[in-house]
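Next comes protein-v9.pdb, with PDB, C-alpha atoms, pLDDT in the B column.
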```
ATOM      1  CA  GLU I 496      23.240 -35.347  -1.525  1.00 82.00           C
ATOM      2  CA  ALA I 497      23.843 -32.872  -4.311  1.00 85.00           C
ATOM      3  CA  TRP I 498      22.838 -32.039  -7.853  1.00 86.00           C
ATOM      4  CA  ASP I 499      24.593 -33.701 -10.787  1.00 87.00           C
ATOM      5  CA  PHE I 500      27.006 -30.886 -11.651  1.00 85.00           C
ATOM      6  CA  GLU I 501      28.175 -30.742  -8.026  1.00 90.00           C
ATOM      7  CA  LEU I 502      28.637 -34.521  -7.793  1.00 91.00           C
ATOM      8  CA  VAL I 503      30.553 -34.818 -11.049  1.00 89.00           C
ATOM      9  CA  ALA I 504      32.758 -31.835 -10.178  1.00 91.00           C
ATOM     10  CA  ALA I 505      33.535 -33.347  -6.762  1.00 94.00           C
ATOM     11  CA  ALA I 506      34.397 -36.672  -8.416  1.00 93.00           C
ATOM     12  CA  ALA I 507      36.646 -34.944 -10.957  1.00 90.00           C
ATOM     13  CA  ASP I 508      38.416 -33.114  -8.108  1.00 92.00           C
ATOM     14  CA  GLY I 509      38.996 -36.371  -6.251  1.00 92.00           C
ATOM     15  CA  GLU I 510      36.631 -35.454  -3.407  1.00 94.00           C
ATOM     16  CA  LEU I 511      34.259 -38.352  -4.164  1.00 95.00           C
ATOM     17  CA  ASP I 512      35.071 -41.914  -5.171  1.00 96.00           C
ATOM     18  CA  VAL I 513      31.481 -43.183  -5.488  1.00 96.00           C
ATOM     19  CA  LEU I 514      28.348 -41.622  -6.980  1.00 96.00           C
ATOM     20  CA  LEU I 515      24.806 -42.924  -6.769  1.00 94.00           C
ATOM     21  CA  GLY I 516      22.159 -41.393  -8.991  1.00 92.00           C
ATOM     22  CA  ARG I 517      19.782 -41.535 -11.895  1.00 90.00           C
ATOM     23  CA  HIS I 518      21.286 -40.741 -15.292  1.00 87.00           C
ATOM     24  CA  LEU I 519      24.393 -39.072 -13.886  1.00 87.00           C
ATOM     25  CA  PRO I 520      27.148 -38.148 -16.285  1.00 89.00           C
ATOM     26  CA  ILE I 521      30.018 -40.591 -15.785  1.00 90.00           C
ATOM     27  CA  PRO I 522      33.226 -38.815 -14.789  1.00 90.00           C
ATOM     28  CA  ALA I 523      36.485 -39.754 -16.536  1.00 91.00           C
ATOM     29  CA  GLY I 524      38.154 -42.674 -14.794  1.00 93.00           C
ATOM     30  CA  PHE I 525      34.911 -44.036 -13.359  1.00 96.00           C
ATOM     31  CA  ASP I 526      33.032 -47.266 -14.041  1.00 95.00           C
ATOM     32  CA  THR I 527      29.287 -47.517 -13.667  1.00 95.00           C
ATOM     33  CA  GLU I 528      26.676 -50.208 -13.131  1.00 95.00           C
ATOM     34  CA  VAL I 529      22.881 -50.097 -13.007  1.00 95.00           C
ATOM     35  CA  LEU I 530      21.560 -51.231  -9.634  1.00 96.00           C
ATOM     36  CA  ARG I 531      17.854 -50.640 -10.044  1.00 95.00           C
ATOM     37  CA  ILE I 532      15.444 -50.391 -12.954  1.00 93.00           C
ATOM     38  CA  GLU I 533      12.010 -49.090 -12.068  1.00 92.00           C
ATOM     39  CA  ASP I 534       8.876 -47.451 -13.323  1.00 92.00           C
ATOM     40  CA  TYR I 535       7.718 -43.875 -12.933  1.00 92.00           C
ATOM     41  CA  VAL I 536       4.718 -42.809 -10.883  1.00 93.00           C
ATOM     42  CA  VAL I 537       2.590 -39.684 -11.124  1.00 92.00           C
ATOM     43  CA  VAL I 538       2.462 -37.769  -7.850  1.00 91.00           C
ATOM     44  CA  VAL I 539      -0.427 -35.416  -7.075  1.00 91.00           C
ATOM     45  CA  GLY I 540      -1.617 -33.498  -4.050  1.00 87.00           C
ATOM     46  CA  PRO I 541      -4.618 -34.585  -1.961  1.00 86.00           C
ATOM     47  CA  ALA I 542      -6.958 -32.027  -3.601  1.00 87.00           C
ATOM     48  CA  HIS I 543      -6.137 -33.158  -7.155  1.00 90.00           C
ATOM     49  CA  HIS I 544      -9.124 -34.631  -9.007  1.00 89.00           C
ATOM     50  CA  LEU I 545      -7.157 -37.834  -9.736  1.00 92.00           C
ATOM     51  CA  ALA I 546      -5.833 -38.295  -6.178  1.00 90.00           C
ATOM     52  CA  THR I 547      -8.189 -41.190  -5.417  1.00 90.00           C
ATOM     53  CA  ARG I 548      -7.315 -43.071  -8.610  1.00 83.00           C
ATOM     54  CA  LYS I 549      -4.603 -45.685  -8.609  1.00 84.00           C
ATOM     55  CA  PRO I 550      -3.745 -46.219 -12.287  1.00 94.00           C
ATOM     56  CA  VAL I 551      -3.656 -43.168 -14.539  1.00 95.00           C
ATOM     57  CA  ALA I 552      -2.860 -42.553 -18.203  1.00 94.00           C
ATOM     58  CA  LEU I 553      -0.768 -39.485 -18.914  1.00 93.00           C
ATOM     59  CA  SER I 554      -3.484 -38.274 -21.289  1.00 92.00           C
ATOM     60  CA  GLU I 555      -5.669 -37.756 -18.198  1.00 92.00           C
ATOM     61  CA  LEU I 556      -3.230 -35.054 -17.100  1.00 91.00           C
ATOM     62  CA  ARG I 557      -3.537 -33.128 -20.366  1.00 89.00           C
ATOM     63  CA  GLY I 558      -3.599 -29.375 -19.731  1.00 88.00           C
ATOM     64  CA  GLN I 559      -1.941 -29.682 -16.345  1.00 89.00           C
ATOM     65  CA  THR I 560       1.472 -28.490 -15.284  1.00 90.00           C
ATOM     66  CA  LEU I 561       4.472 -30.680 -14.561  1.00 91.00           C
ATOM     67  CA  ARG I 562       6.180 -29.455 -11.377  1.00 88.00           C
ATOM     68  CA  PHE I 563       9.870 -30.034 -11.980  1.00 88.00           C
ATOM     69  CA  PHE I 564      13.340 -28.764 -11.221  1.00 86.00           C
ATOM     70  CA  PRO I 565      15.323 -26.584 -13.637  1.00 89.00           C
ATOM     71  CA  ARG I 566      17.333 -28.527 -16.222  1.00 90.00           C
ATOM     72  CA  ARG I 567      20.659 -27.026 -15.111  1.00 88.00           C
ATOM     73  CA  PHE I 568      20.598 -29.099 -11.899  1.00 87.00           C
ATOM     74  CA  ALA I 569      20.526 -32.519 -13.591  1.00 87.00           C
ATOM     75  CA  PRO I 570      20.437 -32.253 -17.409  1.00 90.00           C
ATOM     76  CA  LEU I 571      20.504 -35.961 -18.298  1.00 89.00           C
ATOM     77  CA  TYR I 572      17.855 -36.891 -15.732  1.00 87.00           C
ATOM     78  CA  HIS I 573      15.714 -33.896 -16.742  1.00 90.00           C
ATOM     79  CA  ASP I 574      15.928 -34.872 -20.412  1.00 91.00           C
ATOM     80  CA  ARG I 575      15.118 -38.547 -19.706  1.00 88.00           C
ATOM     81  CA  VAL I 576      12.020 -37.633 -17.682  1.00 88.00           C
ATOM     82  CA  LEU I 577      10.753 -35.313 -20.406  1.00 91.00           C
ATOM     83  CA  ALA I 578      11.524 -37.904 -23.095  1.00 89.00           C
ATOM     84  CA  ALA I 579       9.521 -40.503 -21.156  1.00 88.00           C
ATOM     85  CA  LEU I 580       6.580 -38.117 -20.874  1.00 89.00           C
ATOM     86  CA  HIS I 581       6.782 -37.091 -24.533  1.00 89.00           C
ATOM     87  CA  SER I 582       7.042 -40.732 -25.671  1.00 88.00           C
ATOM     88  CA  THR I 583       3.276 -40.940 -25.122  1.00 87.00           C
ATOM     89  CA  GLY I 584       2.626 -38.014 -27.456  1.00 90.00           C
ATOM     90  CA  GLU I 585       1.636 -35.763 -24.557  1.00 87.00           C
ATOM     91  CA  ASN I 586       3.224 -32.392 -23.897  1.00 87.00           C
ATOM     92  CA  PHE I 587       2.994 -30.524 -20.620  1.00 90.00           C
ATOM     93  CA  ASP I 588       3.753 -27.029 -19.460  1.00 91.00           C
ATOM     94  CA  ILE I 589       6.587 -27.077 -16.947  1.00 91.00           C
ATOM     95  CA  TRP I 590       6.759 -25.016 -13.794  1.00 87.00           C
ATOM     96  CA  GLU I 591      10.332 -24.877 -12.570  1.00 86.00           C
ATOM     97  CA  ASN I 592      10.479 -24.877  -8.807  1.00 79.00           C
ATOM     98  CA  PRO I 593      12.738 -22.101  -7.512  1.00 73.00           C
ATOM     99  CA  LEU I 594      13.458 -24.331  -4.464  1.00 67.00           C
ATOM    100  CA  PRO I 595      13.688 -27.755  -6.123  1.00 65.00           C
ATOM    101  CA  GLY I 596      13.464 -30.976  -4.201  1.00 63.00           C
ATOM    102  CA  LEU I 597      10.979 -33.170  -2.431  1.00 59.00           C
ATOM    103  CA  ARG I 598      11.177 -31.080   0.730  1.00 54.00           C
ATOM    104  CA  ASN I 599       8.990 -28.434  -0.916  1.00 53.00           C
ATOM    105  CA  LEU I 600       5.936 -30.456  -1.878  1.00 55.00           C
ATOM    106  CA  ASN I 601       3.530 -27.680  -0.911  1.00 52.00           C
ATOM    107  CA  LEU I 602       5.072 -25.496  -3.617  1.00 47.00           C
ATOM    108  CA  ASN I 603       5.185 -28.357  -6.100  1.00 56.00           C
ATOM    109  CA  LEU I 604       1.718 -29.845  -5.918  1.00 63.00           C
ATOM    110  CA  CYS I 605      -1.332 -27.763  -6.646  1.00 60.00           C
ATOM    111  CA  GLU I 606      -4.771 -28.856  -7.775  1.00 61.00           C
ATOM    112  CA  ASP I 607      -3.682 -28.825 -11.419  1.00 70.00           C
ATOM    113  CA  GLY I 608      -0.062 -29.859 -11.015  1.00 86.00           C
ATOM    114  CA  PHE I 609       1.760 -33.150 -10.852  1.00 91.00           C
ATOM    115  CA  MET I 610       5.212 -34.569 -10.398  1.00 89.00           C
ATOM    116  CA  PHE I 611       6.713 -37.522 -12.253  1.00 88.00           C
ATOM    117  CA  LEU I 612       9.071 -39.560 -10.071  1.00 89.00           C
ATOM    118  CA  PRO I 613      10.718 -42.977  -9.810  1.00 91.00           C
ATOM    119  CA  ARG I 614       8.479 -45.400  -7.931  1.00 91.00           C
ATOM    120  CA  SER I 615      11.039 -45.919  -5.142  1.00 90.00           C
ATOM    121  CA  VAL I 616      10.949 -42.208  -4.278  1.00 86.00           C
ATOM    122  CA  SER I 617       7.208 -42.371  -3.626  1.00 83.00           C
ATOM    123  CA  GLY I 618       7.832 -44.263  -0.380  1.00 81.00           C
ATOM    124  CA  GLN I 619       9.566 -41.173   1.025  1.00 81.00           C
ATOM    125  CA  LEU I 620       6.599 -38.853   0.518  1.00 82.00           C
ATOM    126  CA  PRO I 621       4.027 -37.819   3.137  1.00 81.00           C
ATOM    127  CA  ALA I 622       0.973 -40.073   3.368  1.00 79.00           C
ATOM    128  CA  LYS I 623      -1.376 -37.345   2.103  1.00 83.00           C
ATOM    129  CA  ILE I 624       0.406 -37.280  -1.275  1.00 86.00           C
ATOM    130  CA  ALA I 625      -1.116 -39.611  -3.878  1.00 89.00           C
ATOM    131  CA  CYS I 626       1.231 -41.769  -5.975  1.00 91.00           C
ATOM    132  CA  LEU I 627      -0.470 -43.116  -9.071  1.00 94.00           C
ATOM    133  CA  THR I 628       0.679 -45.985 -11.245  1.00 95.00           C
ATOM    134  CA  VAL I 629       1.147 -44.950 -14.877  1.00 94.00           C
ATOM    135  CA  THR I 630      -0.620 -47.151 -17.432  1.00 94.00           C
ATOM    136  CA  ASP I 631       1.345 -45.813 -20.417  1.00 93.00           C
ATOM    137  CA  ASP I 632       4.204 -47.929 -21.772  1.00 90.00           C
ATOM    138  CA  LEU I 633       7.187 -45.830 -20.738  1.00 89.00           C
ATOM    139  CA  PRO I 634      10.927 -46.391 -20.742  1.00 87.00           C
ATOM    140  CA  PRO I 635      12.116 -47.271 -17.229  1.00 88.00           C
ATOM    141  CA  ILE I 636      14.364 -45.148 -15.081  1.00 90.00           C
ATOM    142  CA  GLU I 637      17.709 -46.456 -13.875  1.00 91.00           C
ATOM    143  CA  LEU I 638      19.568 -45.951 -10.623  1.00 94.00           C
ATOM    144  CA  ALA I 639      23.304 -46.498 -11.084  1.00 95.00           C
ATOM    145  CA  ILE I 640      26.419 -46.560  -8.985  1.00 96.00           C
ATOM    146  CA  SER I 641      29.611 -45.081 -10.432  1.00 96.00           C
ATOM    147  CA  TRP I 642      33.011 -45.515  -8.832  1.00 97.00           C
ATOM    148  CA  ASN I 643      36.593 -44.495  -9.344  1.00 96.00           C
ATOM    149  CA  ARG I 644      38.549 -47.200 -11.189  1.00 94.00           C
ATOM    150  CA  GLN I 645      41.447 -46.559  -8.787  1.00 93.00           C
ATOM    151  CA  ALA I 646      39.202 -47.912  -6.036  1.00 83.00           C
ATOM    152  CA  THR I 647      40.296 -48.319  -2.456  1.00 93.00           C
ATOM    153  CA  PRO I 648      39.285 -51.498  -0.600  1.00 96.00           C
ATOM    154  CA  ALA I 649      36.436 -49.528   1.025  1.00 96.00           C
ATOM    155  CA  VAL I 650      35.063 -48.497  -2.392  1.00 96.00           C
ATOM    156  CA  THR I 651      35.375 -52.064  -3.704  1.00 96.00           C
ATOM    157  CA  THR I 652      33.458 -53.335  -0.663  1.00 96.00           C
ATOM    158  CA  LEU I 653      30.757 -50.673  -1.082  1.00 97.00           C
ATOM    159  CA  VAL I 654      30.245 -51.523  -4.768  1.00 96.00           C
ATOM    160  CA  ARG I 655      30.172 -55.264  -3.996  1.00 95.00           C
ATOM    161  CA  THR I 656      27.590 -54.654  -1.243  1.00 96.00           C
ATOM    162  CA  ALA I 657      25.466 -52.494  -3.550  1.00 96.00           C
ATOM    163  CA  ARG I 658      25.465 -55.266  -6.189  1.00 94.00           C
ATOM    164  CA  TRP I 659      24.518 -57.846  -3.558  1.00 94.00           C
ATOM    165  CA  LEU I 660      21.639 -55.682  -2.289  1.00 95.00           C
ATOM    166  CA  ALA I 661      20.369 -55.023  -5.825  1.00 95.00           C
ATOM    167  CA  ARG I 662      20.259 -58.777  -6.515  1.00 93.00           C
ATOM    168  CA  LYS I 663      18.758 -59.613  -3.108  1.00 93.00           C
ATOM    169  CA  GLU I 664      15.984 -57.027  -3.504  1.00 93.00           C
ATOM    170  CA  GLY I 665      15.311 -57.956  -7.159  1.00 91.00           C
ATOM    171  CA  TRP I 666      15.807 -54.369  -8.306  1.00 90.00           C
ATOM    172  CA  VAL I 667      17.371 -55.125 -11.671  1.00 79.00           C
ATOM    173  CA  ARG I 668      15.015 -56.753 -14.110  1.00 60.00           C
ATOM    174  CA  THR I 669      15.199 -57.545 -17.788  1.00 44.00           C
ATOM    175  CA  ARG I 670      13.592 -54.863 -19.927  1.00 43.00           C
TER     176      ARG I 670
END
```
Please express the file's structure as structure tokens.
Amino acid sequence: EAWDFELVAAAADGELDVLLGRHLPIPAGFDTEVLRIEDYVVVVGPAHHLATRKPVALSELRGQTLRFFPRRFAPLYHDRVLAALHSTGENFDIWENPLPGLRNLNLNLCEDGFMFLPRSVSGQLPAKIACLTVTDDLPPIELAISWNRQATPAVTTLVRTARWLARKEGWVRTR
């Protein structure tokens, strides 16, 4: 597990043959394939006034702060998330977490703050955290696997298994 710049640098140095991520830059000599297409969810703390709601429109979060990581950690992902939010015409102040990541939810979620995450990530959060379905029509987020074209048999098997799992689980859907 690492941020985008670390993953891509490790791939360029030959330390990694396979990358799994959302909107990662594709290193030279790598192929890529989308394994999962999913929706975003809004994540709020238990004291948030919308925590008991299930569907929410982004306009209901107007005036609140998006709790997010600094752009330098994952520029493409950061830009895609903000583009999805802005596609609704809403703009949000951003608080950049000095200790980014899901391990620091107490810093991230305040009564007036929210996070914007892929739906699959919501299953990894503590039960007290509320994950709300977004009613706005947003572009989906993609999870992709990228691999070195000079693949070893182990890499080829991993990619084949990832494709099989994506089909079996129904993760890739037509937009």
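Between CA of Arg575 (chain I) and CA of Val513 (chain I) lies a distance of 22.2 Å.
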### Query
Residues at most 12 Å from Ile521 (chain I), counting all atoms listed in the file, excluding those fewer than 5 positions away in the same chain, as a ChimeraX atom specification?
/I:499-500,502-504,506-507,512-516,526-528,571,639-644
### Task
Run through the PyMOL selection byres ((chain I and resi 583-588) around 12) on the given coordinates and return the selected residues as an MDAnalysis selection string.
chainID I and resid 552:563 576:582 589:591 607:611 629:634
### Task
Name the residues within 12 Å of (24.3, -57.0, -6.7), counting all atoms listed in the file in the file's coordinates, and put them as a VMD selection string.
chain I and resid 528 to 531 639 to 640 652 to 668
### Query
If we count all atoms listed in the file, what is near Val539 (chain I) at a cut-off of 12 Å, once residues fewer than 5 positions away on the same chain are taken out, given as a ChimeraX atom specification?
/I:544-549,551,556,559-562,600-612,617,620-628
### Message
So the first atom is CA of Leu511 (chain I) and the second is CA of Thr651 (chain I); what is the distance between them in Å, to one decimal place?
### Response
13.8 Å
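When the PyMOL selection byres ((chain I and resi 614) around 7) is evaluated against the file, it yields Glu533, Asp534, Tyr535, Val536, Leu612, Pro613, Ser615, Val616 and Ser617 of chain I.
When CA of Gly524 (chain I) is paired with CA of Tyr572 (chain I), their separation reads 21.1 Å.
Shortest separation to His573 (chain I) among I:Glu496, I:Arg517, I:Glu510, I:Pro522 occurs at residue I:Arg517, atoms counted being all atoms listed in the file.
For the residues I:His518, I:Phe525, I:Val650, I:Ile532, ranking by smallest atom-to-atom distance to Pro570 (chain I) using only C-alpha atoms places I:His518 first.
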Size and centre in Å, one decimal, axis-aligned box, all listed region 519-528 of chain I atoms plus 5 Å per side, as AutoDock Vina command-line options:
```
--center_x 31.3 --center_y -44.2 --center_z -14.8 --size_x 23.8 --size_y 22.1 --size_z 13.4
```
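For the residues I:Glu637, I:Trp498, I:Pro520, I:Gly509, ranking by smallest atom-to-atom distance to Arg567 (chain I) using all atoms listed in the file places I:Trp498 first.
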